[in-house]
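J.: What follows is run.txt, compact mmCIF, C-alpha atoms.
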```txt
# COMPACT_ATOMS: atom_id res chain seq x y z
CA MET A 287 0.00 0.00 0.00
CA SER A 288 1.26 3.53 -0.80
CA ARG A 289 -0.21 7.01 -0.54
CA ASN A 290 -0.47 9.04 -3.76
CA ASN A 291 -2.32 12.38 -3.89
CA GLY A 292 -4.17 11.56 -0.70
CA ARG A 293 -5.44 8.22 -1.91
CA LEU A 294 -4.25 4.76 -1.04
CA LYS A 295 -3.51 2.27 -3.76
CA ASN A 296 -2.13 -1.27 -3.85
CA VAL A 297 1.40 -1.65 -5.11
CA ALA A 298 2.17 -5.30 -5.76
CA PRO A 299 5.82 -6.17 -6.13
CA SER A 300 6.88 -7.84 -9.32
CA VAL A 301 7.85 -11.49 -9.39
CA GLU A 302 11.49 -10.51 -9.97
CA GLN A 303 11.42 -8.22 -6.93
CA CYS A 304 10.06 -11.06 -4.80
CA PHE A 305 12.94 -13.31 -5.79
CA VAL A 306 15.51 -10.59 -5.18
CA VAL A 307 14.19 -10.15 -1.64
CA ARG A 308 14.07 -13.89 -1.17
CA ASP A 309 17.67 -14.24 -2.31
CA ARG A 310 18.76 -11.61 0.19
CA LEU A 311 17.03 -13.18 3.16
CA PRO A 312 20.03 -15.25 4.29
CA SER A 313 22.23 -12.16 4.38
CA VAL A 314 19.72 -10.32 6.53
CA LYS A 315 19.28 -13.33 8.72
CA THR A 316 22.98 -13.86 9.33
CA SER A 317 23.89 -10.23 10.03
CA SER A 318 22.12 -9.96 13.41
CA PRO A 319 23.79 -12.91 15.22
CA SER A 320 27.31 -12.04 14.06
CA ARG A 321 28.24 -10.56 17.41
CA LEU A 322 26.98 -13.58 19.29
CA ALA A 323 28.77 -15.91 16.87
CA ALA A 324 32.00 -13.95 17.36
CA PHE A 325 31.57 -14.01 21.14
CA VAL A 326 30.97 -17.78 21.20
CA ALA A 327 33.91 -18.29 18.84
CA LEU A 328 36.19 -16.18 21.04
CA LEU A 329 35.25 -18.18 24.13
CA ALA A 330 35.70 -21.42 22.20
CA GLY A 331 39.15 -20.36 21.00
CA ALA A 332 40.22 -19.48 24.54
CA ALA A 333 38.85 -22.76 25.91
CA PHE A 334 40.65 -24.69 23.19
CA TYR A 335 43.94 -22.89 23.80
CA PHE A 336 44.02 -23.49 27.54
CA SER A 337 42.71 -27.06 27.37
CA THR A 338 45.26 -28.38 24.86
CA ASN A 339 48.98 -28.96 24.90
CA ALA A 340 50.78 -28.76 21.55
CA LEU A 341 52.88 -31.90 21.92
CA HIS A 342 53.59 -32.15 18.17
CA LYS A 343 54.50 -28.53 17.51
CA HIS A 344 58.07 -29.56 16.73
CA PHE A 345 56.75 -31.31 13.60
CA ASP A 346 56.70 -27.91 11.90
CA TYR A 347 57.26 -28.93 8.28
CA THR A 348 54.94 -26.37 6.75
CA TYR A 349 56.14 -23.51 8.93
CA ARG A 350 59.79 -24.13 8.02
CA ILE A 351 58.95 -24.20 4.31
CA ALA A 352 56.93 -20.99 4.70
CA LEU A 353 59.97 -19.34 6.28
CA ALA A 354 62.13 -20.61 3.42
CA MET A 355 59.67 -19.18 0.88
CA LEU A 356 60.11 -15.73 2.38
CA HIS A 357 63.77 -16.06 1.39
CA GLY A 358 63.03 -17.33 -2.12
CA HIS A 359 63.35 -21.09 -1.53
CA VAL A 360 60.87 -23.98 -1.62
CA GLY A 361 63.07 -26.38 0.33
CA LEU A 362 65.44 -26.53 3.28
CA SER A 363 69.21 -26.67 3.26
CA GLY A 364 71.69 -27.34 6.02
CA PRO A 365 72.08 -30.41 8.23
CA PRO A 366 69.00 -32.70 8.43
CA LEU A 367 66.83 -32.64 11.53
CA SER A 368 66.23 -36.13 12.91
CA TRP A 369 62.64 -35.53 14.03
CA LEU A 370 61.53 -34.22 10.61
CA SER A 371 61.72 -37.65 9.02
CA GLU A 372 59.18 -36.92 6.28
CA LEU A 373 61.40 -34.42 4.47
CA VAL A 374 62.42 -35.69 1.03
CA PRO A 375 66.09 -35.20 0.10
CA VAL A 376 66.74 -34.15 -3.49
CA GLY A 377 70.40 -33.36 -3.95
CA GLU A 378 71.42 -31.08 -1.09
CA THR A 379 67.88 -29.78 -0.54
CA ARG A 380 65.09 -31.34 1.48
CA TYR A 381 61.44 -30.80 0.57
CA SER A 382 58.23 -31.21 2.51
CA VAL A 383 55.52 -33.47 1.11
CA CYS A 384 52.78 -31.26 2.57
CA PRO A 385 50.69 -29.64 -0.18
CA LEU A 386 51.24 -26.01 -1.10
CA GLY A 387 48.05 -24.81 0.58
CA ALA A 388 49.29 -26.10 3.94
CA VAL A 389 52.44 -24.01 3.47
CA LEU A 390 50.65 -20.85 2.35
CA VAL A 391 48.40 -20.71 5.43
CA ASN A 392 51.60 -20.56 7.49
CA LEU A 393 52.94 -17.50 5.68
CA PRO A 394 51.27 -15.00 8.08
CA PRO A 395 52.97 -16.45 11.20
CA ALA A 396 56.18 -16.76 9.19
CA VAL A 397 56.03 -13.05 8.36
CA LEU A 398 55.42 -12.25 12.02
CA HIS A 399 58.44 -14.39 12.87
CA GLU A 400 60.56 -12.37 10.46
CA LEU A 401 59.33 -9.21 12.16
CA GLY A 402 60.56 -10.57 15.48
CA LEU A 403 57.13 -11.20 17.02
CA PHE A 404 57.57 -14.99 17.24
CA ARG A 405 60.60 -17.05 18.15
CA GLU A 406 59.04 -20.37 17.18
CA TRP A 407 55.99 -21.72 15.41
CA PRO A 408 52.87 -20.53 17.32
CA ALA A 409 51.21 -23.89 16.73
CA ARG A 410 49.05 -23.85 19.83
CA GLY A 411 47.69 -20.39 19.09
CA LEU A 412 47.16 -21.30 15.45
CA ALA A 413 45.16 -24.38 16.45
CA ALA A 414 43.04 -22.26 18.80
CA ALA A 415 42.42 -19.73 16.03
CA ILE A 416 41.30 -22.56 13.72
CA ALA A 417 38.93 -23.84 16.41
CA ALA A 418 37.49 -20.35 16.92
CA GLY A 419 37.03 -19.85 13.18
CA CYS A 420 35.26 -23.19 12.84
CA VAL A 421 32.85 -22.35 15.67
CA TYR A 422 32.13 -18.98 14.08
CA PHE A 423 31.29 -20.46 10.68
CA PHE A 424 29.34 -23.39 12.10
CA TYR A 425 27.17 -21.02 14.13
CA HIS A 426 26.25 -19.15 10.96
CA LEU A 427 25.90 -22.39 9.01
CA SER A 428 23.23 -23.53 11.46
CA TYR A 429 20.91 -21.10 9.67
CA ILE A 430 20.23 -23.74 7.06
CA ALA A 431 17.32 -24.57 9.39
CA GLU A 432 15.13 -22.74 11.87
CA MET A 433 16.18 -23.50 15.44
CA SER A 434 16.54 -21.99 18.88
CA ARG A 435 19.65 -20.13 19.97
CA PRO A 436 20.75 -22.81 22.49
CA ARG A 437 20.63 -25.43 19.75
CA ARG A 438 22.70 -23.20 17.46
CA VAL A 439 25.35 -22.82 20.13
CA VAL A 440 25.46 -26.56 20.77
CA LEU A 441 25.75 -27.33 17.06
CA ALA A 442 28.45 -24.70 16.58
CA LEU A 443 30.55 -26.26 19.35
CA PHE A 444 29.92 -29.89 18.42
CA PRO A 445 32.46 -30.35 15.55
CA ILE A 446 35.37 -29.11 17.68
CA PHE A 447 34.61 -30.04 21.29
CA ALA A 448 32.33 -33.08 20.94
CA THR A 449 34.50 -34.98 18.45
CA TRP A 450 38.02 -36.30 18.01
CA ALA A 451 38.94 -32.95 16.41
CA TRP A 452 39.54 -31.48 19.88
CA CYS A 453 42.35 -33.86 20.74
CA ASN A 454 43.88 -34.32 17.29
CA LEU A 455 43.91 -30.62 16.42
CA GLY A 456 45.30 -30.03 19.92
CA PHE A 457 48.45 -32.01 19.01
CA ALA A 458 49.19 -29.04 16.71
CA GLY A 459 51.61 -30.77 14.38
CA ALA A 460 51.75 -29.85 10.70
CA TRP A 461 49.45 -32.69 9.62
CA GLN A 462 46.91 -32.04 12.39
CA LEU A 463 46.74 -28.33 11.61
CA ALA A 464 46.25 -29.17 7.94
CA LEU A 465 43.19 -31.20 8.94
CA GLY A 466 41.99 -28.26 11.02
CA PHE A 467 42.37 -25.88 8.10
CA ALA A 468 40.46 -28.38 5.95
CA ILE A 469 37.51 -28.23 8.38
CA LEU A 470 37.71 -24.44 8.52
CA GLY A 471 37.93 -24.11 4.75
CA GLN A 472 34.93 -26.36 4.15
CA ALA A 473 32.87 -24.58 6.79
CA GLY A 474 33.69 -21.23 5.20
CA ALA A 475 32.95 -22.48 1.69
CA LEU A 476 29.60 -23.93 2.76
CA HIS A 477 28.70 -20.74 4.64
CA TYR A 478 29.38 -18.55 1.60
CA SER A 479 27.56 -20.99 -0.67
CA LEU A 480 24.43 -21.80 1.35
CA ILE A 481 23.89 -18.99 3.85
CA ARG A 482 25.49 -15.81 2.56
CA PRO A 483 26.20 -16.37 -1.14
CA ARG A 484 29.54 -14.86 -2.08
CA PRO A 485 31.14 -16.86 -4.93
CA PHE A 486 34.64 -15.47 -4.58
CA LEU A 487 34.76 -15.98 -0.79
CA ALA A 488 33.29 -19.46 -1.15
CA GLY A 489 36.02 -20.31 -3.64
CA PHE A 490 38.68 -18.80 -1.39
CA TRP A 491 37.69 -21.01 1.54
CA PHE A 492 37.33 -24.04 -0.72
CA ALA A 493 40.90 -23.43 -1.90
CA ILE A 494 42.05 -23.43 1.73
CA ALA A 495 40.22 -26.72 2.26
CA PHE A 496 41.60 -28.69 -0.67
CA GLY A 497 44.93 -26.88 -0.45
CA ASN A 498 45.44 -28.58 2.91
CA ARG A 499 43.78 -31.91 2.11
CA THR A 500 44.04 -32.62 -1.61
CA GLU A 501 41.30 -35.26 -1.60
CA LEU A 502 38.73 -32.54 -0.91
CA ALA A 503 39.08 -31.36 -4.51
CA ILE A 504 36.66 -34.17 -5.34
CA THR A 505 33.88 -32.22 -3.57
CA LEU A 506 33.97 -29.45 -6.21
CA PRO A 507 30.84 -30.76 -8.03
CA VAL A 508 28.91 -30.50 -4.75
CA TYR A 509 29.51 -26.76 -4.65
CA PHE A 510 28.45 -26.51 -8.30
CA TYR A 511 25.25 -28.24 -7.28
CA PHE A 512 24.68 -25.78 -4.43
CA TRP A 513 25.16 -22.79 -6.72
CA PHE A 514 22.98 -24.19 -9.51
CA SER A 515 20.24 -25.36 -7.17
CA ARG A 516 20.24 -22.01 -5.41
CA ARG A 517 19.66 -20.24 -8.72
CA GLU A 518 16.98 -22.78 -9.59
CA ASN A 519 15.15 -22.12 -6.32
CA ALA A 520 15.06 -18.42 -7.19
CA VAL A 521 13.10 -19.13 -10.39
CA ASP A 522 9.43 -20.05 -10.38
CA SER A 523 9.75 -23.45 -11.96
CA PRO A 524 7.56 -26.49 -11.37
CA ALA A 525 10.43 -28.78 -12.22
CA GLY A 526 11.80 -28.80 -8.69
CA ARG A 527 15.21 -28.74 -7.13
CA ASP A 528 16.70 -31.48 -9.29
CA SER A 529 15.52 -30.07 -12.61
CA VAL A 530 18.76 -28.13 -13.13
CA TRP A 531 20.67 -31.33 -13.67
CA ARG A 532 17.98 -32.90 -15.85
CA ARG A 533 17.92 -29.85 -18.06
CA LEU A 534 21.70 -29.66 -18.23
CA LEU A 535 21.63 -33.17 -19.62
CA ALA A 536 18.50 -32.84 -21.74
CA GLY A 537 19.27 -29.36 -23.05
CA HIS A 538 15.78 -27.90 -22.62
CA SER A 539 15.56 -24.29 -23.75
CA GLN A 540 14.22 -23.09 -20.40
CA GLY A 541 17.06 -24.63 -18.41
CA ILE A 542 20.61 -23.57 -17.69
CA LYS A 543 22.56 -24.77 -20.70
CA LEU A 544 26.26 -25.32 -20.75
CA ARG A 545 26.68 -23.30 -23.91
CA ARG A 546 24.90 -20.34 -22.31
CA LEU A 547 26.83 -20.28 -19.04
CA VAL A 548 29.31 -17.66 -20.26
CA GLY A 549 27.95 -14.24 -19.37
CA SER A 550 24.98 -15.65 -17.46
CA PRO A 551 24.51 -15.13 -13.69
CA GLU A 552 25.36 -18.79 -13.19
CA GLY A 553 28.52 -18.47 -15.25
CA LYS A 554 29.64 -15.38 -13.37
CA ALA A 555 29.02 -17.08 -10.03
CA LEU A 556 30.99 -20.16 -11.06
CA ALA A 557 33.81 -18.01 -12.44
CA GLY A 558 33.99 -16.10 -9.18
CA PHE A 559 34.02 -19.35 -7.23
CA LEU A 560 36.76 -20.92 -9.35
CA VAL A 561 39.23 -18.01 -9.33
CA MET A 562 41.13 -18.92 -6.16
CA PRO A 563 40.98 -22.73 -6.60
CA ALA A 564 42.33 -22.34 -10.15
CA VAL A 565 45.15 -20.06 -8.98
CA LEU A 566 46.07 -22.47 -6.18
CA LEU A 567 45.93 -25.46 -8.53
CA PHE A 568 48.26 -23.73 -10.99
CA CYS A 569 50.66 -22.68 -8.25
CA THR A 570 50.60 -26.20 -6.79
CA ALA A 571 51.59 -27.62 -10.17
CA LEU A 572 54.53 -25.19 -10.34
CA TYR A 573 55.43 -26.00 -6.72
CA ASN A 574 55.47 -29.74 -7.43
CA LEU A 575 57.46 -29.18 -10.65
CA ALA A 576 60.07 -27.14 -8.80
CA ARG A 577 60.42 -29.81 -6.09
CA PHE A 578 60.14 -33.13 -7.86
CA GLY A 579 60.15 -32.42 -11.59
CA SER A 580 56.48 -33.23 -12.17
CA PRO A 581 53.34 -31.11 -11.59
CA LEU A 582 51.49 -34.21 -10.34
CA ASP A 583 54.14 -35.51 -7.93
CA PHE A 584 53.47 -34.51 -4.32
CA GLY A 585 56.47 -36.54 -3.18
CA TYR A 586 54.89 -38.74 -0.53
CA SER A 587 56.22 -41.96 -2.05
CA ARG A 588 59.69 -40.38 -2.05
CA ILE A 589 59.88 -40.22 1.77
CA PRO A 590 62.86 -42.39 2.71
CA GLY A 591 61.68 -45.89 3.64
CA VAL A 592 57.96 -45.12 3.50
CA LEU A 593 57.14 -47.78 0.89
CA ASN A 594 58.95 -50.36 3.03
CA GLU A 595 56.46 -49.89 5.87
CA PRO A 596 54.13 -52.89 6.14
CA TRP A 597 50.89 -50.94 5.69
CA TYR A 598 52.14 -49.61 2.35
CA ARG A 599 53.12 -52.96 0.89
CA HIS A 600 50.26 -52.64 -1.62
CA GLY A 601 50.96 -48.96 -2.32
CA LEU A 602 49.96 -45.67 -0.76
CA PHE A 603 46.35 -46.29 -1.76
CA SER A 604 44.93 -49.75 -2.13
CA LEU A 605 41.68 -51.66 -1.73
CA HIS A 606 43.60 -53.97 0.60
CA ALA A 607 43.68 -51.17 3.19
CA ILE A 608 39.91 -50.87 3.47
CA GLY A 609 39.43 -53.59 6.09
CA TRP A 610 41.97 -52.11 8.50
CA ASN A 611 40.63 -48.58 8.09
CA VAL A 612 37.04 -49.72 8.58
CA HIS A 613 38.03 -51.43 11.82
CA GLU A 614 39.92 -48.40 13.14
CA MET A 615 37.20 -45.92 12.20
CA LEU A 616 34.06 -47.83 13.14
CA PHE A 617 34.72 -50.84 15.33
CA ARG A 618 37.85 -50.54 17.46
CA GLY A 619 36.82 -50.31 21.11
CA LEU A 620 38.38 -48.99 24.30
CA ILE A 621 41.03 -50.48 26.57
CA GLU A 622 40.08 -51.32 30.15
CA ILE A 623 42.36 -49.91 32.85
CA PRO A 624 42.23 -50.39 36.68
CA ASN A 625 41.95 -46.71 37.62
CA PHE A 626 39.66 -43.79 36.75
CA PRO A 627 38.31 -43.29 34.13
CA TYR A 628 38.62 -47.12 33.84
CA TYR A 629 38.72 -47.04 30.04
CA GLN A 630 41.07 -45.40 27.61
CA PRO A 631 41.32 -45.32 23.82
CA HIS A 632 43.89 -47.20 21.85
CA ALA A 633 46.88 -45.11 20.74
CA PHE A 634 46.23 -45.73 17.05
CA GLY A 635 42.48 -45.63 16.63
CA CYS A 636 39.02 -45.83 18.12
CA SER A 637 35.52 -45.91 16.67
CA ILE A 638 34.22 -42.44 15.87
CA PHE A 639 30.92 -43.46 17.49
CA PHE A 640 32.69 -44.28 20.74
CA ALA A 641 34.48 -40.95 20.53
CA CYS A 642 31.32 -39.03 19.65
CA PRO A 643 27.94 -40.58 20.51
CA PHE A 644 26.42 -37.34 19.20
CA LEU A 645 26.98 -38.79 15.72
CA PHE A 646 24.12 -41.25 16.21
CA LEU A 647 21.90 -38.26 15.38
CA LEU A 648 23.13 -38.56 11.79
CA PHE A 649 20.63 -41.33 11.19
CA ARG A 650 17.49 -39.29 11.79
CA GLU A 651 15.32 -38.68 8.75
CA GLY A 652 14.91 -35.35 7.02
CA GLY A 653 17.14 -32.42 6.20
CA PRO A 654 17.44 -30.14 3.17
CA HIS A 655 20.73 -31.58 1.87
CA ARG A 656 20.51 -35.15 3.12
CA ILE A 657 21.28 -36.99 -0.12
CA VAL A 658 24.16 -34.81 -1.27
CA CYS A 659 25.76 -34.87 2.20
CA TRP A 660 25.58 -38.64 2.48
CA LEU A 661 27.01 -39.05 -1.02
CA THR A 662 29.86 -36.68 -0.18
CA ILE A 663 30.59 -38.52 3.07
CA ALA A 664 30.52 -41.87 1.26
CA VAL A 665 32.96 -40.77 -1.47
CA LEU A 666 35.39 -39.12 0.95
CA THR A 667 35.22 -42.06 3.35
CA PHE A 668 36.01 -44.49 0.55
CA ILE A 669 39.12 -42.46 -0.33
CA LEU A 670 40.20 -42.38 3.32
CA TRP A 671 39.67 -46.10 3.69
CA CYS A 672 41.92 -46.81 0.71
CA HIS A 673 44.87 -45.02 2.31
CA GLY A 674 47.48 -47.51 3.47
CA ASN A 675 48.04 -45.86 6.85
CA ALA A 676 45.00 -45.61 9.14
CA GLY A 677 46.29 -42.47 10.84
CA GLY A 678 49.15 -43.40 13.14
CA TRP A 679 49.27 -41.87 16.62
CA GLN A 680 45.83 -40.38 17.09
CA PHE A 681 42.62 -40.30 19.05
CA SER A 682 39.85 -42.10 17.18
CA TYR A 683 40.26 -41.67 13.39
CA ARG A 684 41.79 -38.28 12.67
CA TYR A 685 41.32 -38.42 8.90
CA ALA A 686 37.55 -38.35 9.44
CA MET A 687 37.87 -34.75 10.64
CA ILE A 688 37.29 -33.71 7.03
CA LEU A 689 33.81 -35.31 7.18
CA LEU A 690 32.63 -33.12 10.07
CA PRO A 691 31.21 -30.20 8.01
CA TRP A 692 29.00 -32.61 6.08
CA MET A 693 27.95 -34.38 9.27
CA PHE A 694 27.12 -30.96 10.70
CA LEU A 695 24.78 -30.21 7.78
CA LEU A 696 22.98 -33.50 8.33
CA ILE A 697 22.47 -33.06 12.07
CA ALA A 698 21.56 -29.37 11.79
CA GLY A 699 18.97 -30.14 9.14
CA ASN A 700 17.34 -33.27 10.51
CA GLY A 701 16.68 -32.12 14.08
CA PRO A 702 13.88 -30.24 15.83
CA PRO A 703 13.85 -26.43 16.17
CA LYS A 704 14.47 -26.59 19.92
CA LEU A 705 17.26 -28.38 21.73
CA ARG A 706 15.87 -31.68 23.00
CA THR A 707 17.03 -33.58 26.05
CA THR A 708 18.46 -36.34 23.85
CA GLU A 709 20.59 -33.94 21.85
CA GLY A 710 21.80 -32.13 24.96
CA ALA A 711 22.69 -35.36 26.73
CA LEU A 712 24.55 -36.81 23.74
CA PHE A 713 26.43 -33.55 23.33
CA LEU A 714 27.52 -33.46 26.98
CA ILE A 715 28.53 -37.13 26.93
CA SER A 716 30.57 -36.55 23.77
CA VAL A 717 32.27 -33.48 25.25
CA PHE A 718 33.09 -35.49 28.39
CA PHE A 719 34.57 -38.40 26.39
CA ASN A 720 36.68 -36.10 24.26
CA GLY A 721 37.76 -34.05 27.29
CA ILE A 722 39.04 -37.24 28.89
CA ALA A 723 40.90 -38.09 25.67
CA VAL A 724 42.47 -34.61 25.58
CA TYR A 725 43.65 -35.10 29.14
CA GLN A 726 45.00 -38.60 28.53
CA PHE A 727 46.72 -37.86 25.22
CA LEU A 728 47.94 -34.29 25.71
CA TRP A 729 48.56 -33.91 29.43
CA THR A 730 49.61 -37.35 30.69
CA SER A 731 51.65 -40.33 29.60
CA MET A 732 48.72 -42.71 30.02
CA ILE A 733 48.45 -43.44 26.30
CA HIS A 734 51.36 -45.47 25.04
CA VAL A 735 52.11 -48.30 22.65
```
Would you write out, as structure tokens, the structure that this file holds?

T.:
Amino acid sequence: MSRNNGRLKNVAPSVEQCFVVRDRLPSVKTSSPSRLAAFVALLAGAAFYFSTNALHKHFDYTYRIALAMLHGHVGLSGPPLSWLSELVPVGETRYSVCPLGAVLVNLPPAVLHELGLFREWPARGLAAAIAAGCVYFFYHLSYIAEMSRPRRVVLALFPIFATWAWCNLGFAGAWQLALGFAILGQAGALHYSLIRPRPFLAGFWFAIAFGNRTELAITLPVYFYFWFSRRENAVDSPAGRDSVWRRLLAGHSQGIKLRRLVGSPEGKALAGFLVMPAVLLFCTALYNLARFGSPLDFGYSRIPGVLNEPWYRHGLFSLHAIGWNVHEMLFRGLIEIPNFPYYQPHAFGCSIFFACPFLFLLFREGGPHRIVCWLTIAVLTFILWCHGNAGGWQFSYRYAMILLPWMFLLIAGNGPPKLRTTEGALFLISVFFNGIAVYQFLWTSMIHV
């Protein structure tokens, strides 16, 4: 209704205006709780910092390479360091097998080191910052569904403090921090894809994710789906959410056609998303070429003696490794001990459902992205299971940390609006179990071979 010359008249918004408003709703919705999300994230980062002990901070492969990059080198020279056994010698230079993205995220602390602000790798603080960033993004990501504020806070804290991520990220070695950055990158990419659509920022965080864990590059089509389906939902079409893919294949004139992507809103969004991943991919190829003479060689098989280890007798990746990984991830139990807390995890693995009973909520029905999340979890899990090494010294199954953002989407979407007693109890039990693991692994010598 508007007033014109003293008379009221109806002003109906156009269909296009309706969809513009609808597209902007997530941005409006996520702007108001930003302060609360930041406050919860700050508290979470402080709690993480003071509850963990960076026992593996001396495994600072990526930090040392970042420092070398500031001086124009991609490898280390000088006498070898006995504890950095995964450096690959090529001539008189030793190279890290960590991917380029894991090195680049360490450039800021390396710069601060050069400025004299740090004497050593601030691994513990970096791990706490990762934890805080994850909580911040997960709080915002909870807006994929309507729910109460207490439930949002619980869900935001769950991936870090109610799972094996708390203990494993708390080790704060190069490989553990890479897993933490992979969680953070995925959470950021999902936030800027589903909640507050920003193609460039979504691509930036996706690059951080797969730059630290290369296998996450396989999730790229999922983000394409999110962007296409979002555009589809903004158009009044009776074909439904899946029609984008049917029309891409069938080539209907009303659909989004591959030949018409260039210059279209979809094409611009995808181009914005792909900028940073493409740059990182190109730089990674150059980085690999400079180290090992091939853009596709990450150097892991070049680690001295690694292929002689019994779990790699069939290669770095093999179907023969699936049985062992399945056992470590899903079925390995706890060890009984005579004193409190009377049970402790094995030093090399423990079922993720023992470590986090909260995950039983995955199997509830419903949720807006149920199918795509389960497919993503299945594909990533298969890749993890094919890896010859099940994780080494760890609490539970550390590789499964990269699954947590997708598990978060499932649990956030399939639950009730208000926090139920069951959810609260499972969350507290999971936090207690993981707190005990943090104490046993990081603050005592209880866990041993």

J.: Kindly indicate which residue among A:Lys704, A:Arg410, A:His673, A:Arg482 lies nearest to Ala607 (chain A), using all atoms listed in the file for the distances.

T.: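 Checking each candidate against Ala607 (chain A), we get A:His673 as the closest.
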
J.: Quick one: residues within 12 Å of region 591-595 of chain A, all atoms listed in the file, excluding same-chain residues fewer than 2 positions away - as a list in words?

T.: Ser371, Glu372, Leu373, Val374, Gly585, Tyr586, Ser587, Arg588, Ile589, Trp597, Tyr598, Arg599, His600, Gly601, Leu602, Phe603, Gly674 and Asn675 of chain A

J.: Quick one: of A:Gly387, A:Arg484, A:Trp692, A:Ser479, who's nearest to Tyr511 (chain A), counting all atoms listed in the file?

T.: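 Closest candidate: A:Ser479.
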
J.: Given the point (34.5, -20.2, 9.1) in the file's coordinates, find the residues that have an atom at most 10 Å from it, counting all atoms listed in the file, and give them as a PyMOL selection string.

T.: chain A and resi 327+416-427+467+469-478+491

J.: Draw an axis-aligned box over all listed atoms of region 717-726 of chain A, pad each side with 5 Å, and write its centre and edge lengths in Å, one decimal, as AutoDock Vina command-line options.

T.:
```
--center_x 38.6 --center_y -36.0 --center_z 26.7 --size_x 22.7 --size_y 15.1 --size_z 14.9
```

J.: Mind listing whatever residues come within 10 Å of the point (43.0, -23.9, 0.4)? Use all atoms listed in the file, file coordinates, and give them as a compact mmCIF listing (two decimals) with C-alpha atoms, in the coordinates of the input.

T.:
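And here's selection-v4.txt as it stands now:
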```
# COMPACT_ATOMS: atom_id res chain seq x y z
CA PRO A 385 50.69 -29.64 -0.18
CA LEU A 386 51.24 -26.01 -1.10
CA GLY A 387 48.05 -24.81 0.58
CA ALA A 388 49.29 -26.10 3.94
CA VAL A 389 52.44 -24.01 3.47
CA LEU A 390 50.65 -20.85 2.35
CA VAL A 391 48.40 -20.71 5.43
CA ALA A 464 46.25 -29.17 7.94
CA PHE A 467 42.37 -25.88 8.10
CA ALA A 468 40.46 -28.38 5.95
CA LEU A 470 37.71 -24.44 8.52
CA GLY A 471 37.93 -24.11 4.75
CA GLN A 472 34.93 -26.36 4.15
CA GLY A 489 36.02 -20.31 -3.64
CA PHE A 490 38.68 -18.80 -1.39
CA TRP A 491 37.69 -21.01 1.54
CA PHE A 492 37.33 -24.04 -0.72
CA ALA A 493 40.90 -23.43 -1.90
CA ILE A 494 42.05 -23.43 1.73
CA ALA A 495 40.22 -26.72 2.26
CA PHE A 496 41.60 -28.69 -0.67
CA GLY A 497 44.93 -26.88 -0.45
CA ASN A 498 45.44 -28.58 2.91
CA ARG A 499 43.78 -31.91 2.11
CA THR A 500 44.04 -32.62 -1.61
CA LEU A 502 38.73 -32.54 -0.91
CA ALA A 503 39.08 -31.36 -4.51
CA MET A 562 41.13 -18.92 -6.16
CA PRO A 563 40.98 -22.73 -6.60
CA LEU A 566 46.07 -22.47 -6.18
CA LEU A 567 45.93 -25.46 -8.53
```

J.: Could you tell me how far CA of Val508 (chain A) sits from CA of Ala557 (chain A), in Å to one decimal place?

T.: 15.5 Å

J.: CA of Ala676 (chain A) to CA of Met615 (chain A): how many Å, to one decimal?

T.: 8.4 Å

J.: Just to confirm, what's the straight-line distance from CA of Val612 (chain A) to CA of Pro654 (chain A) in Å (one decimal)?

T.: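 Taking CA of Val612 (chain A) and CA of Pro654 (chain A), their separation equals 28.2 Å.
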
J.: Show me, as an MDAnalysis selection string, the residues that have an atom within 8 Å of Tyr347 (chain A) when counting only C-alpha atoms, minus same-chain residues fewer than 6 positions from it.

T.: chainID A and resid 370 373 382 384 460

J.: My list of candidates is A:Leu605, A:Leu328, A:Ile351, A:Ile504. Which is closest to Cys672 (chain A) when distances are computed with all atoms listed in the file?

T.: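 Result for the nearest residue to Cys672 (chain A): A:Leu605.
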
J.: Compile the contact shell of Phe649 (chain A) as a list in words: residues with an atom at most 10 Å away, counting all atoms listed in the file, same-chain residues fewer than 3 positions apart removed.

T.: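 Returned residues: Leu645, Phe646, Gly652, Leu696, Ile697 and Asn700 of chain A.
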
J.: Restricting the calculation to all atoms listed in the file, which member of A:Trp452, A:Ala415, A:Glu501, A:Thr570 is positioned closest to Ser716 (chain A)?

T.: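 Smallest separation from Ser716 (chain A) among the options: A:Trp452.
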